[in-house]
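Notes follow the structure.
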Amino acid sequence: MNLVIGLSGSIFLNMEDTFRGYKRAYVNNDYVESIVRAGAIPMILPVSLEIKNFKSYAKAMIDKVDALVLTGGQDVNPYLYNEEPALELGEIFEERDLFDIELYKAAIEAKKPVFGVCRGLQLINVIEGGSLYQDLSYADFVKIKHSQNDHPTRTIHYIDFEENTFFSKVYDKKYKVNSFHHQIIKDLAKDFKICAKSADGVIEAFECINDEKFVIGVQYHPEMNSCVDIKSQKLFNEFIKEVENRKMK
Ligand code: MN
């Protein structure tokens with residue numbers, strides 16, 4: 001089956017050569033390859049700086065795909081969870097927040113599975129009524145380094161998985177993951193269950209407990225080491241299997 005998986009896109013500013021200062025629509029290529037290795041067809045969904053209301057734009061894109069991956073990137077705008085920007089807030093991208101929110105809503109409406117990575121997990125949590133710590137320094141329980149100064153295919157800290165979750169198809173109790181985040185979940189959204197935590201208690205994976213929708217999220221980056229780590233790739237494989245099963249129903 002040719003399943004098509006939408007990957008939420010971002011924009012980067014090219015700083016080299018003739019096209020210095022040019023904006024480019026993109027996703028990190030490792031999302032593309034993780035989906036390809038899982039046997040599905042990736043499709044990059046570009047954000048636009050021209051559009052003010054993304055509702056019909058996002059819905060038209062979701063109509064063309066079987067599932068959505070909300071990719072990593074900038075911090076979520078804290079006004080979306082009713083906080084003023086704190087001193088340690090990082091870069092935000094308002095159009096991208098608005099676009100991703102409409103992609104998520106359209107996917108849920110169409111009963112299509114969603115997989116959030118890093119910013120993706122954080123944004124899902126906010127859309128579903130939860131909140132974030134704008135920086136790790138605001139959470140006094142954080143004791144572990146969650147932003148590694150090392151190649152993304154390497155790992156830095158362990159996480160502990162709960163039993164009987166979607167992630168149990170892939171992981172045993174304990175697993176070492178990479179980490180590139182400075183924000184974390186504060187209040188967990190109501191319909192969601194913690195599936196993994198780091199030793200200091202940071203939420204590293206969750207799933208939706210409402211059977212009406214299939215939504216999972218991870219705070220680490222399986223797409224960045226799926227080229228060398230069997231379980232990271234298996235997570236994508238199992239996600240694609242779930243997309244297929246739900247499409248057959
Ligand atoms: Mn982490």
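In the structure tokens, the first chain shown is A, the next is B, and so on; residue numbers restart at 1 for each chain, and ligands run from 1 in the order shown.
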Given 12 Å and only C-alpha atoms and all ligand atoms, residues near ligand 1 as a PyMOL selection string: chain A and resi 117-118+136+142-148+155-160+175-185+196-205+218-222
Skipping near chain neighbours, those fewer than 5 positions away, what residues fall within 12 Å of Gly21 of chain A using only C-alpha atoms, listed as JSON, numbers by chain? {"A": [11, 12, 13, 14, 15, 16]}
If you run DSSP on the backbone, which residues of segment 52-147 of chain A are strand (DSSP E or B), as a PyMOL selection string? chain A and resi 67-70+75+92+114-117+132-133+147
Would you export the selected residues with all heavy atoms as an mmCIF file, in the first residue's frame, please?
data_model
loop_
_atom_site.group_PDB
_atom_site.id
_atom_site.type_symbol
_atom_site.label_atom_id
_atom_site.label_comp_id
_atom_site.auth_asym_id
_atom_site.auth_seq_id
_atom_site.Cartn_x
_atom_site.Cartn_y
_atom_site.Cartn_z
ATOM 1 N N ALA A 67 -1.419 10.310 7.039
ATOM 2 C CA ALA A 67 -1.038 10.599 8.424
ATOM 3 C C ALA A 67 -0.172 11.843 8.423
ATOM 4 O O ALA A 67 0.296 12.290 7.369
ATOM 5 C CB ALA A 67 -0.270 9.428 9.032
ATOM 6 N N LEU A 68 0.031 12.382 9.623
ATOM 7 C CA LEU A 68 0.795 13.630 9.772
ATOM 8 C C LEU A 68 1.931 13.421 10.769
ATOM 9 O O LEU A 68 1.725 12.869 11.840
ATOM 10 C CB LEU A 68 -0.142 14.737 10.296
ATOM 11 C CG LEU A 68 0.499 16.058 10.735
ATOM 12 C CD1 LEU A 68 1.111 16.801 9.545
ATOM 13 C CD2 LEU A 68 -0.545 16.940 11.439
ATOM 14 N N VAL A 69 3.132 13.888 10.395
ATOM 15 C CA VAL A 69 4.228 13.998 11.356
ATOM 16 C C VAL A 69 4.454 15.487 11.614
ATOM 17 O O VAL A 69 4.725 16.247 10.675
ATOM 18 C CB VAL A 69 5.533 13.353 10.833
ATOM 19 C CG1 VAL A 69 6.679 13.602 11.814
ATOM 20 C CG2 VAL A 69 5.343 11.851 10.612
ATOM 21 N N LEU A 70 4.275 15.910 12.869
ATOM 22 C CA LEU A 70 4.597 17.284 13.246
ATOM 23 C C LEU A 70 6.065 17.291 13.654
ATOM 24 O O LEU A 70 6.454 16.679 14.658
ATOM 25 C CB LEU A 70 3.696 17.760 14.388
ATOM 26 C CG LEU A 70 2.254 18.091 14.006
ATOM 27 C CD1 LEU A 70 1.438 18.445 15.254
ATOM 28 C CD2 LEU A 70 2.174 19.244 12.993
ATOM 29 N N ASP A 75 10.491 27.115 19.291
ATOM 30 C CA ASP A 75 9.653 27.059 20.492
ATOM 31 C C ASP A 75 8.204 27.397 20.138
ATOM 32 O O ASP A 75 7.948 28.171 19.218
ATOM 33 C CB ASP A 75 10.141 28.088 21.527
ATOM 34 C CG ASP A 75 11.452 27.674 22.198
ATOM 35 O OD1 ASP A 75 11.958 26.573 21.885
ATOM 36 O OD2 ASP A 75 11.946 28.452 23.035
ATOM 37 N N ILE A 92 10.725 31.834 18.203
ATOM 38 C CA ILE A 92 9.383 31.353 17.850
ATOM 39 C C ILE A 92 9.088 31.705 16.387
ATOM 40 O O ILE A 92 9.795 32.525 15.787
ATOM 41 C CB ILE A 92 8.274 31.906 18.782
ATOM 42 C CG1 ILE A 92 8.228 33.431 18.734
ATOM 43 C CG2 ILE A 92 8.457 31.415 20.205
ATOM 44 C CD1 ILE A 92 6.964 34.012 19.351
ATOM 45 N N VAL A 114 -1.409 10.991 14.005
ATOM 46 C CA VAL A 114 -0.435 12.077 14.135
ATOM 47 C C VAL A 114 0.718 11.615 15.020
ATOM 48 O O VAL A 114 0.503 10.977 16.049
ATOM 49 C CB VAL A 114 -1.074 13.339 14.771
ATOM 50 C CG1 VAL A 114 -0.044 14.468 14.870
ATOM 51 C CG2 VAL A 114 -2.293 13.802 13.970
ATOM 52 N N PHE A 115 1.921 11.945 14.577
ATOM 53 C CA PHE A 115 3.152 11.634 15.319
ATOM 54 C C PHE A 115 3.888 12.954 15.492
ATOM 55 O O PHE A 115 4.294 13.576 14.509
ATOM 56 C CB PHE A 115 3.977 10.633 14.492
ATOM 57 C CG PHE A 115 5.261 10.140 15.114
ATOM 58 C CD1 PHE A 115 6.032 9.207 14.424
ATOM 59 C CD2 PHE A 115 5.723 10.565 16.354
ATOM 60 C CE1 PHE A 115 7.230 8.715 14.961
ATOM 61 C CE2 PHE A 115 6.910 10.086 16.906
ATOM 62 C CZ PHE A 115 7.669 9.157 16.191
ATOM 63 N N GLY A 116 4.059 13.388 16.743
ATOM 64 C CA GLY A 116 4.770 14.641 17.018
ATOM 65 C C GLY A 116 6.170 14.378 17.533
ATOM 66 O O GLY A 116 6.353 13.550 18.424
ATOM 67 N N VAL A 117 7.133 15.098 16.995
ATOM 68 C CA VAL A 117 8.522 14.960 17.439
ATOM 69 C C VAL A 117 8.976 16.291 18.051
ATOM 70 O O VAL A 117 8.882 17.332 17.395
ATOM 71 C CB VAL A 117 9.451 14.574 16.273
ATOM 72 C CG1 VAL A 117 10.911 14.540 16.736
ATOM 73 C CG2 VAL A 117 9.054 13.235 15.676
ATOM 74 N N LEU A 132 3.627 24.275 28.855
ATOM 75 C CA LEU A 132 5.060 23.950 28.788
ATOM 76 C C LEU A 132 5.843 24.785 29.797
ATOM 77 O O LEU A 132 5.394 25.858 30.196
ATOM 78 C CB LEU A 132 5.608 24.276 27.385
ATOM 79 C CG LEU A 132 4.889 23.666 26.182
ATOM 80 C CD1 LEU A 132 5.508 24.196 24.891
ATOM 81 C CD2 LEU A 132 4.944 22.146 26.220
ATOM 82 N N TYR A 133 7.025 24.285 30.178
ATOM 83 C CA TYR A 133 8.022 25.136 30.799
ATOM 84 C C TYR A 133 8.790 25.770 29.645
ATOM 85 O O TYR A 133 9.294 25.058 28.766
ATOM 86 C CB TYR A 133 9.002 24.306 31.643
ATOM 87 C CG TYR A 133 8.428 23.822 32.957
ATOM 88 C CD1 TYR A 133 8.000 22.504 33.103
ATOM 89 C CD2 TYR A 133 8.346 24.677 34.059
ATOM 90 C CE1 TYR A 133 7.479 22.050 34.309
ATOM 91 C CE2 TYR A 133 7.830 24.223 35.269
ATOM 92 C CZ TYR A 133 7.402 22.913 35.386
ATOM 93 O OH TYR A 133 6.903 22.468 36.577
ATOM 94 N N SER A 147 20.233 18.762 26.307
ATOM 95 C CA SER A 147 20.658 19.326 25.026
ATOM 96 C C SER A 147 22.105 18.920 24.811
ATOM 97 O O SER A 147 23.015 19.530 25.339
ATOM 98 C CB SER A 147 20.502 20.840 25.062
ATOM 99 O OG SER A 147 20.193 21.310 23.788
#
So how many Å separate atom CA of Glu212 of chain A and atom CA of Gly39 of chain A, to one decimal?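 About the pair atom CA of Glu212 of chain A and atom CA of Gly39 of chain A: they are 25.4 Å apart.
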Counting only C-alpha atoms, which residues in segment 10-63 of chain A sit no more than 12 Å from segment 100-110 of chain A? For each one, give the nearest pair of atoms and the distance in Å, sorted by chain then residue number, as JSON lines.
{"residue": "A:Ser10", "atom": "CA", "partner": "A:Asp100", "partner_atom": "CA", "distance": 10.0}
{"residue": "A:Leu45", "atom": "CA", "partner": "A:Leu103", "partner_atom": "CA", "distance": 9.4}
{"residue": "A:Pro46", "atom": "CA", "partner": "A:Asp100", "partner_atom": "CA", "distance": 10.2}
{"residue": "A:Val47", "atom": "CA", "partner": "A:Asp100", "partner_atom": "CA", "distance": 8.4}
{"residue": "A:Ser48", "atom": "CA", "partner": "A:Asp100", "partner_atom": "CA", "distance": 11.3}
{"residue": "A:Lys52", "atom": "CA", "partner": "A:Glu102", "partner_atom": "CA", "distance": 11.7}
{"residue": "A:Asn53", "atom": "CA", "partner": "A:Glu102", "partner_atom": "CA", "distance": 8.9}
{"residue": "A:Phe54", "atom": "CA", "partner": "A:Glu102", "partner_atom": "CA", "distance": 6.2}
{"residue": "A:Lys55", "atom": "CA", "partner": "A:Glu102", "partner_atom": "CA", "distance": 5.5}
{"residue": "A:Ser56", "atom": "CA", "partner": "A:Glu102", "partner_atom": "CA", "distance": 8.5}
{"residue": "A:Tyr57", "atom": "CA", "partner": "A:Glu102", "partner_atom": "CA", "distance": 8.5}
{"residue": "A:Ala58", "atom": "CA", "partner": "A:Leu103", "partner_atom": "CA", "distance": 5.0}
{"residue": "A:Lys59", "atom": "CA", "partner": "A:Ala106", "partner_atom": "CA", "distance": 5.4}
{"residue": "A:Ala60", "atom": "CA", "partner": "A:Ala106", "partner_atom": "CA", "distance": 8.9}
{"residue": "A:Met61", "atom": "CA", "partner": "A:Leu103", "partner_atom": "CA", "distance": 8.0}
{"residue": "A:Ile62", "atom": "CA", "partner": "A:Ala107", "partner_atom": "CA", "distance": 6.1}
{"residue": "A:Asp63", "atom": "CA", "partner": "A:Ala110", "partner_atom": "CA", "distance": 8.0}
Closest of A:Asn210, A:Asn237, A:Ser226, A:Thr71 to Leu123 of chain A - atom-to-atom distances counting only C-alpha atoms: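 Nearest to Leu123 of chain A: A:Thr71.
Candidate residues A:Phe206, A:Tyr138, A:Phe236, A:Phe214 were compared for distance to Val170 of chain A, and the nearest is A:Phe236, using only C-alpha atoms.
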Out of segment 96-204 of chain A, which residues get alpha helix (DSSP H) from DSSP, as a PyMOL selection string? chain A and resi 96-109+119-127
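Among the candidates A:Cys227, A:Cys195, A:Val76, A:Leu98, the residue lying nearest to Arg119 of chain A is A:Val76 (atoms considered: only C-alpha atoms).
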Distance in Å - atom CA of Ile127 of chain A versus atom CA of Glu207 of chain A: 14.2 Å
Gap from atom CA of Gly217 of chain A to atom CA of Leu121 of chain A - Å, one decimal: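 Atom-to-atom, atom CA of Gly217 of chain A and atom CA of Leu121 of chain A are spaced 4.7 Å apart.
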For Phe239 of chain A: contacts at 10 Å, only C-alpha atoms, fewer than 2 positions along chain excluded, given as a tab-separated table (two decimals) with C-alpha atoms, in the first residue's frame:
chain	number	residue	atom	x	y	z
A	35	ILE	CA	9.50	7.34	6.39
A	38	ALA	CA	9.40	2.37	6.83
A	67	ALA	CA	-1.04	10.60	8.42
A	113	PRO	CA	-2.86	9.44	12.85
A	114	VAL	CA	-0.43	12.08	14.14
A	115	PHE	CA	3.15	11.63	15.32
A	166	PHE	CA	2.06	1.94	21.81
A	167	PHE	CA	5.79	2.31	22.54
A	214	PHE	CA	-4.31	8.03	17.29
A	215	VAL	CA	-1.70	10.51	18.50
A	216	ILE	CA	1.79	9.81	19.80
A	233	GLN	CA	13.60	3.03	12.90
A	234	LYS	CA	11.19	0.47	14.35
A	235	LEU	CA	9.18	3.30	15.93
A	236	PHE	CA	8.58	4.72	12.45
A	237	ASN	CA	7.83	1.23	11.08
A	241	LYS	CA	1.76	-0.15	10.41
A	242	GLU	CA	-0.76	1.64	12.62
A	243	VAL	CA	-1.56	4.09	9.81
A	244	GLU	CA	-2.18	1.14	7.50
A	245	ASN	CA	-4.35	-0.73	10.02
